[in-house]
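Dumped protein-v8.tsv below, it's TSV, C-alpha atoms:
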```
chain	number	residue	atom	x	y	z
A	1	MET	CA	3.18	15.07	11.78
A	2	LYS	CA	3.13	11.41	10.75
A	3	LYS	CA	4.76	10.53	7.46
A	4	ILE	CA	3.48	7.71	5.28
A	5	LEU	CA	4.82	6.23	2.08
A	6	VAL	CA	2.62	4.62	-0.54
A	7	ILE	CA	4.50	2.09	-2.66
A	8	HIS	CA	2.95	0.86	-5.88
A	9	GLY	CA	4.44	-2.25	-7.44
A	10	PRO	CA	4.62	-3.54	-11.00
A	11	ASN	CA	2.20	-2.37	-13.67
A	12	LEU	CA	0.32	-0.01	-11.38
A	13	ASN	CA	1.74	2.94	-13.31
A	14	LEU	CA	-0.68	1.81	-16.07
A	15	LEU	CA	-3.82	2.34	-13.99
A	16	GLY	CA	-6.59	3.82	-16.10
A	17	GLU	CA	-5.33	1.90	-19.13
A	18	ARG	CA	-4.67	-1.61	-17.82
A	19	GLU	CA	-7.66	-3.94	-17.53
A	20	PRO	CA	-10.21	-1.24	-16.62
A	21	GLY	CA	-12.80	-3.92	-15.87
A	22	VAL	CA	-10.59	-5.14	-13.03
A	23	TYR	CA	-8.73	-2.02	-11.93
A	24	GLY	CA	-11.09	0.82	-12.92
A	25	THR	CA	-10.62	3.81	-15.16
A	26	ASP	CA	-9.06	6.26	-12.70
A	27	THR	CA	-5.54	7.18	-13.73
A	28	PHE	CA	-2.45	6.49	-11.67
A	29	GLU	CA	-1.92	10.23	-11.19
A	30	SER	CA	-5.50	10.94	-10.10
A	31	ILE	CA	-5.48	8.08	-7.59
A	32	ASN	CA	-2.19	9.29	-6.13
A	33	ASN	CA	-3.51	12.84	-5.80
A	34	GLU	CA	-6.61	11.55	-4.03
A	35	ILE	CA	-4.54	9.39	-1.63
A	36	ILE	CA	-2.39	12.41	-0.73
A	37	GLU	CA	-5.50	14.55	-0.23
A	38	HIS	CA	-7.09	11.89	1.98
A	39	ALA	CA	-3.91	11.62	4.07
A	40	MET	CA	-3.94	15.38	4.61
A	41	LYS	CA	-7.29	15.02	6.44
A	42	TYR	CA	-5.29	13.36	9.21
A	43	GLU	CA	-2.44	15.84	8.81
A	44	PHE	CA	-0.21	13.08	7.44
A	45	HIS	CA	2.57	13.88	5.03
A	46	CYS	CA	2.25	11.34	2.21
A	47	ASP	CA	4.78	10.47	-0.49
A	48	VAL	CA	4.13	8.10	-3.37
A	49	TYR	CA	6.55	5.81	-5.13
A	50	GLN	CA	6.14	3.28	-7.95
A	51	SER	CA	8.51	0.70	-9.35
A	52	ASN	CA	8.24	-2.32	-11.60
A	53	HIS	CA	11.43	-3.74	-10.07
A	54	GLU	CA	11.53	-5.92	-6.97
A	55	GLY	CA	14.94	-4.71	-5.77
A	56	GLU	CA	13.90	-1.07	-6.00
A	57	ILE	CA	10.82	-1.77	-3.89
A	58	ILE	CA	13.02	-3.50	-1.31
A	59	ASP	CA	15.45	-0.55	-1.29
A	60	LYS	CA	12.53	1.86	-0.80
A	61	LEU	CA	11.20	-0.22	2.11
A	62	HIS	CA	14.66	-0.16	3.72
A	63	LEU	CA	14.82	3.63	3.39
A	64	ALA	CA	11.28	3.97	4.75
A	65	ARG	CA	12.30	2.61	8.15
A	66	LYS	CA	14.25	5.82	8.84
A	67	ASN	CA	12.06	8.36	7.04
A	68	TYR	CA	8.43	7.27	7.52
A	69	ASP	CA	6.08	6.17	10.27
A	70	GLY	CA	4.21	3.70	8.07
A	71	VAL	CA	3.89	2.26	4.59
A	72	ILE	CA	0.96	1.37	2.36
A	73	LEU	CA	2.09	-1.25	-0.13
A	74	ASN	CA	0.43	-2.59	-3.24
A	75	ALA	CA	3.08	-5.09	-4.27
A	76	GLY	CA	1.09	-6.24	-7.30
A	77	ALA	CA	2.10	-9.71	-8.47
A	78	TYR	CA	5.06	-9.68	-6.06
A	79	THR	CA	2.46	-10.19	-3.31
A	80	HIS	CA	2.16	-13.83	-4.27
A	81	TYR	CA	5.78	-14.91	-4.46
A	82	SER	CA	8.32	-12.33	-3.29
A	83	TYR	CA	9.87	-13.64	-0.12
A	84	ALA	CA	12.49	-10.90	-0.51
A	85	ILE	CA	9.82	-8.18	-0.16
A	86	ARG	CA	8.30	-10.16	2.73
A	87	ASP	CA	11.66	-10.23	4.51
A	88	ALA	CA	12.16	-6.49	3.90
A	89	ILE	CA	8.78	-5.72	5.48
A	90	ALA	CA	9.62	-7.89	8.50
A	91	ALA	CA	12.99	-6.16	8.88
A	92	ILE	CA	11.85	-2.54	8.88
A	93	LYS	CA	9.67	-2.68	12.02
A	94	ILE	CA	7.23	0.03	10.96
A	95	PRO	CA	3.62	-0.77	10.12
A	96	VAL	CA	2.94	-1.84	6.54
A	97	VAL	CA	-0.61	-2.17	5.24
A	98	GLU	CA	-1.02	-4.45	2.22
A	99	VAL	CA	-3.43	-3.06	-0.36
A	100	HIS	CA	-5.00	-4.34	-3.55
A	101	LEU	CA	-7.50	-2.66	-5.85
A	102	SER	CA	-9.23	-5.93	-6.74
A	103	ASN	CA	-10.35	-8.72	-4.43
A	104	ILE	CA	-7.40	-11.06	-4.81
A	105	HIS	CA	-9.41	-13.89	-3.24
A	106	SER	CA	-12.03	-13.83	-5.99
A	107	ARG	CA	-9.55	-13.92	-8.85
A	108	ASP	CA	-7.14	-16.51	-10.25
A	109	GLU	CA	-6.13	-19.22	-7.79
A	110	PHE	CA	-2.48	-18.08	-7.75
A	111	ARG	CA	-3.60	-14.67	-6.46
A	112	HIS	CA	-5.30	-16.12	-3.36
A	113	THR	CA	-2.06	-16.44	-1.41
A	114	SER	CA	-0.15	-13.45	-0.11
A	115	VAL	CA	3.33	-14.21	1.18
A	116	ILE	CA	3.59	-10.67	2.56
A	117	ALA	CA	0.33	-10.67	4.57
A	118	PRO	CA	1.82	-12.40	7.65
A	119	VAL	CA	4.30	-9.55	8.18
A	120	CYS	CA	1.88	-6.70	7.43
A	121	VAL	CA	-0.42	-5.14	10.04
A	122	GLY	CA	-3.38	-5.83	7.76
A	123	GLN	CA	-4.62	-6.42	4.24
A	124	ILE	CA	-7.27	-4.43	2.39
A	125	SER	CA	-8.47	-5.59	-1.01
A	126	GLY	CA	-11.39	-5.32	-3.34
A	127	PHE	CA	-12.44	-1.72	-2.90
A	128	GLY	CA	-10.70	-0.18	-5.89
A	129	LYS	CA	-8.94	3.09	-5.14
A	130	TYR	CA	-10.79	3.24	-1.84
A	131	SER	CA	-8.59	0.39	-0.59
A	132	TYR	CA	-5.80	2.99	-0.34
A	133	TYR	CA	-7.99	5.42	1.59
A	134	MET	CA	-8.99	2.63	3.97
A	135	ALA	CA	-5.29	1.89	4.52
A	136	VAL	CA	-4.67	5.53	5.43
A	137	ASP	CA	-7.61	5.32	7.85
A	138	ALA	CA	-6.24	2.08	9.31
A	139	LEU	CA	-2.87	3.68	10.04
A	140	TYR	CA	-4.60	6.66	11.65
A	141	TYR	CA	-6.64	4.46	13.97
A	142	LYS	CA	-3.67	2.20	14.74
A	143	TRP	CA	-1.61	5.18	15.85
A	144	LYS	CA	-4.55	6.77	17.66
A	145	ASN	CA	-5.09	3.57	19.67
A	146	GLU	CA	-1.38	3.27	20.44
A	147	SER	CA	-1.36	6.80	21.82
A	148	GLY	CA	-4.13	5.91	24.26
A	149	ALA	CA	-6.67	8.25	22.72
A	150	ASN	CA	-10.34	7.34	23.03
A	151	ASN	CA	-11.91	5.35	20.21
A	152	ASP	CA	-14.62	7.08	18.17
```
Let me see the file written as structure tokens.
Amino acid sequence: MKKILVIHGPNLNLLGEREPGVYGTDTFESINNEIIEHAMKYEFHCDVYQSNHEGEIIDKLHLARKNYDGVILNAGAYTHYSYAIRDAIAAIKIPVVEVHLSNIHSRDEFRHTSVIAPVCVGQISGFGKYSYYMAVDALYYKWKNESGANND
């Protein structure tokens, strides 16, 4: 059974309350439950973690390299300037999918650049909570293709 870790960065614990016009009205807890349920469709074990602190996210990424097969990361604002998180992703050598609820390319100019994207296997943004489900799907198909299974 593949194990994935979803890491939510700063302020994502306020989903459902924070800027509902941008991030939607689904609560943090309901989105997490739905991500876990979606992962179970592929028989993935899925854990969820959230921190508002850069160092804690880095520590969690370091631990993930030994305990998980892949990571889905919404680094929030750290996406745009945290070279430390970028370096942690590059160091762990397991696939990391960058996720954002909103389309970062249609928002403020400073959000258009992701310093973590070059070390992630892909970036999914703009689909609300479904961005997370698409990231789960992406990991499934990545692993399926690596195993030599036929494409659907």
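The residue that comes closest to His100 of chain A, out of A:Ala135, A:Leu5, A:Val119, A:Val71 and on the basis of all atoms listed in the file, is A:Ala135.
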For Phe28 of chain A, the nearest of the candidates A:Lys60, A:His8, A:Lys41, A:Lys142, counting only C-alpha atoms: A:His8
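Remark: for Leu73 of chain A, the closest of the candidate residues A:Ile116, A:Met40, A:Cys46, A:Val99 is A:Val99 (distances computed over only C-alpha atoms).
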Test item: residues at most 6 Å from segment 48-54 of chain A, all atoms listed in the file, excluding those fewer than 3 positions along its chain, as a compact mmCIF listing (two decimals) with C-alpha atoms, keeping the file's coordinate frame:
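Final output, saved to part_33.txt:
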```
# COMPACT_ATOMS: atom_id res chain seq x y z
CA LEU A 5 4.82 6.23 2.08
CA VAL A 6 2.62 4.62 -0.54
CA ILE A 7 4.50 2.09 -2.66
CA HIS A 8 2.95 0.86 -5.88
CA GLY A 9 4.44 -2.25 -7.44
CA PRO A 10 4.62 -3.54 -11.00
CA ILE A 57 10.82 -1.77 -3.89
```
Centre, x/y/z edge lengths, axis-aligned box for segment 121-140 of chain A with 5 Å per side, as JSON:
```
{"center_x": -6.4, "center_y": 0.1, "center_z": 2.9, "size_x": 22.0, "size_y": 23.1, "size_z": 27.5}
```
Can you list, as a ChimeraX atom specification, every protein, DNA or RNA residue that comes within 12 Å of Gly24 of chain A when you count all atoms listed in the file, leaving out same-chain residues fewer than 3 positions away? /A:12,14-21,27-28,30-31,101-102,126-130
Just how far from atom CA of Tyr81 of chain A is atom CA of Ser114 of chain A, in Å to one decimal? 7.5 Å
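Residue nearest Ser131 of chain A, chosen from A:Ile92, A:Asn145, A:Glu43, A:His38 and counting only C-alpha atoms: A:His38.
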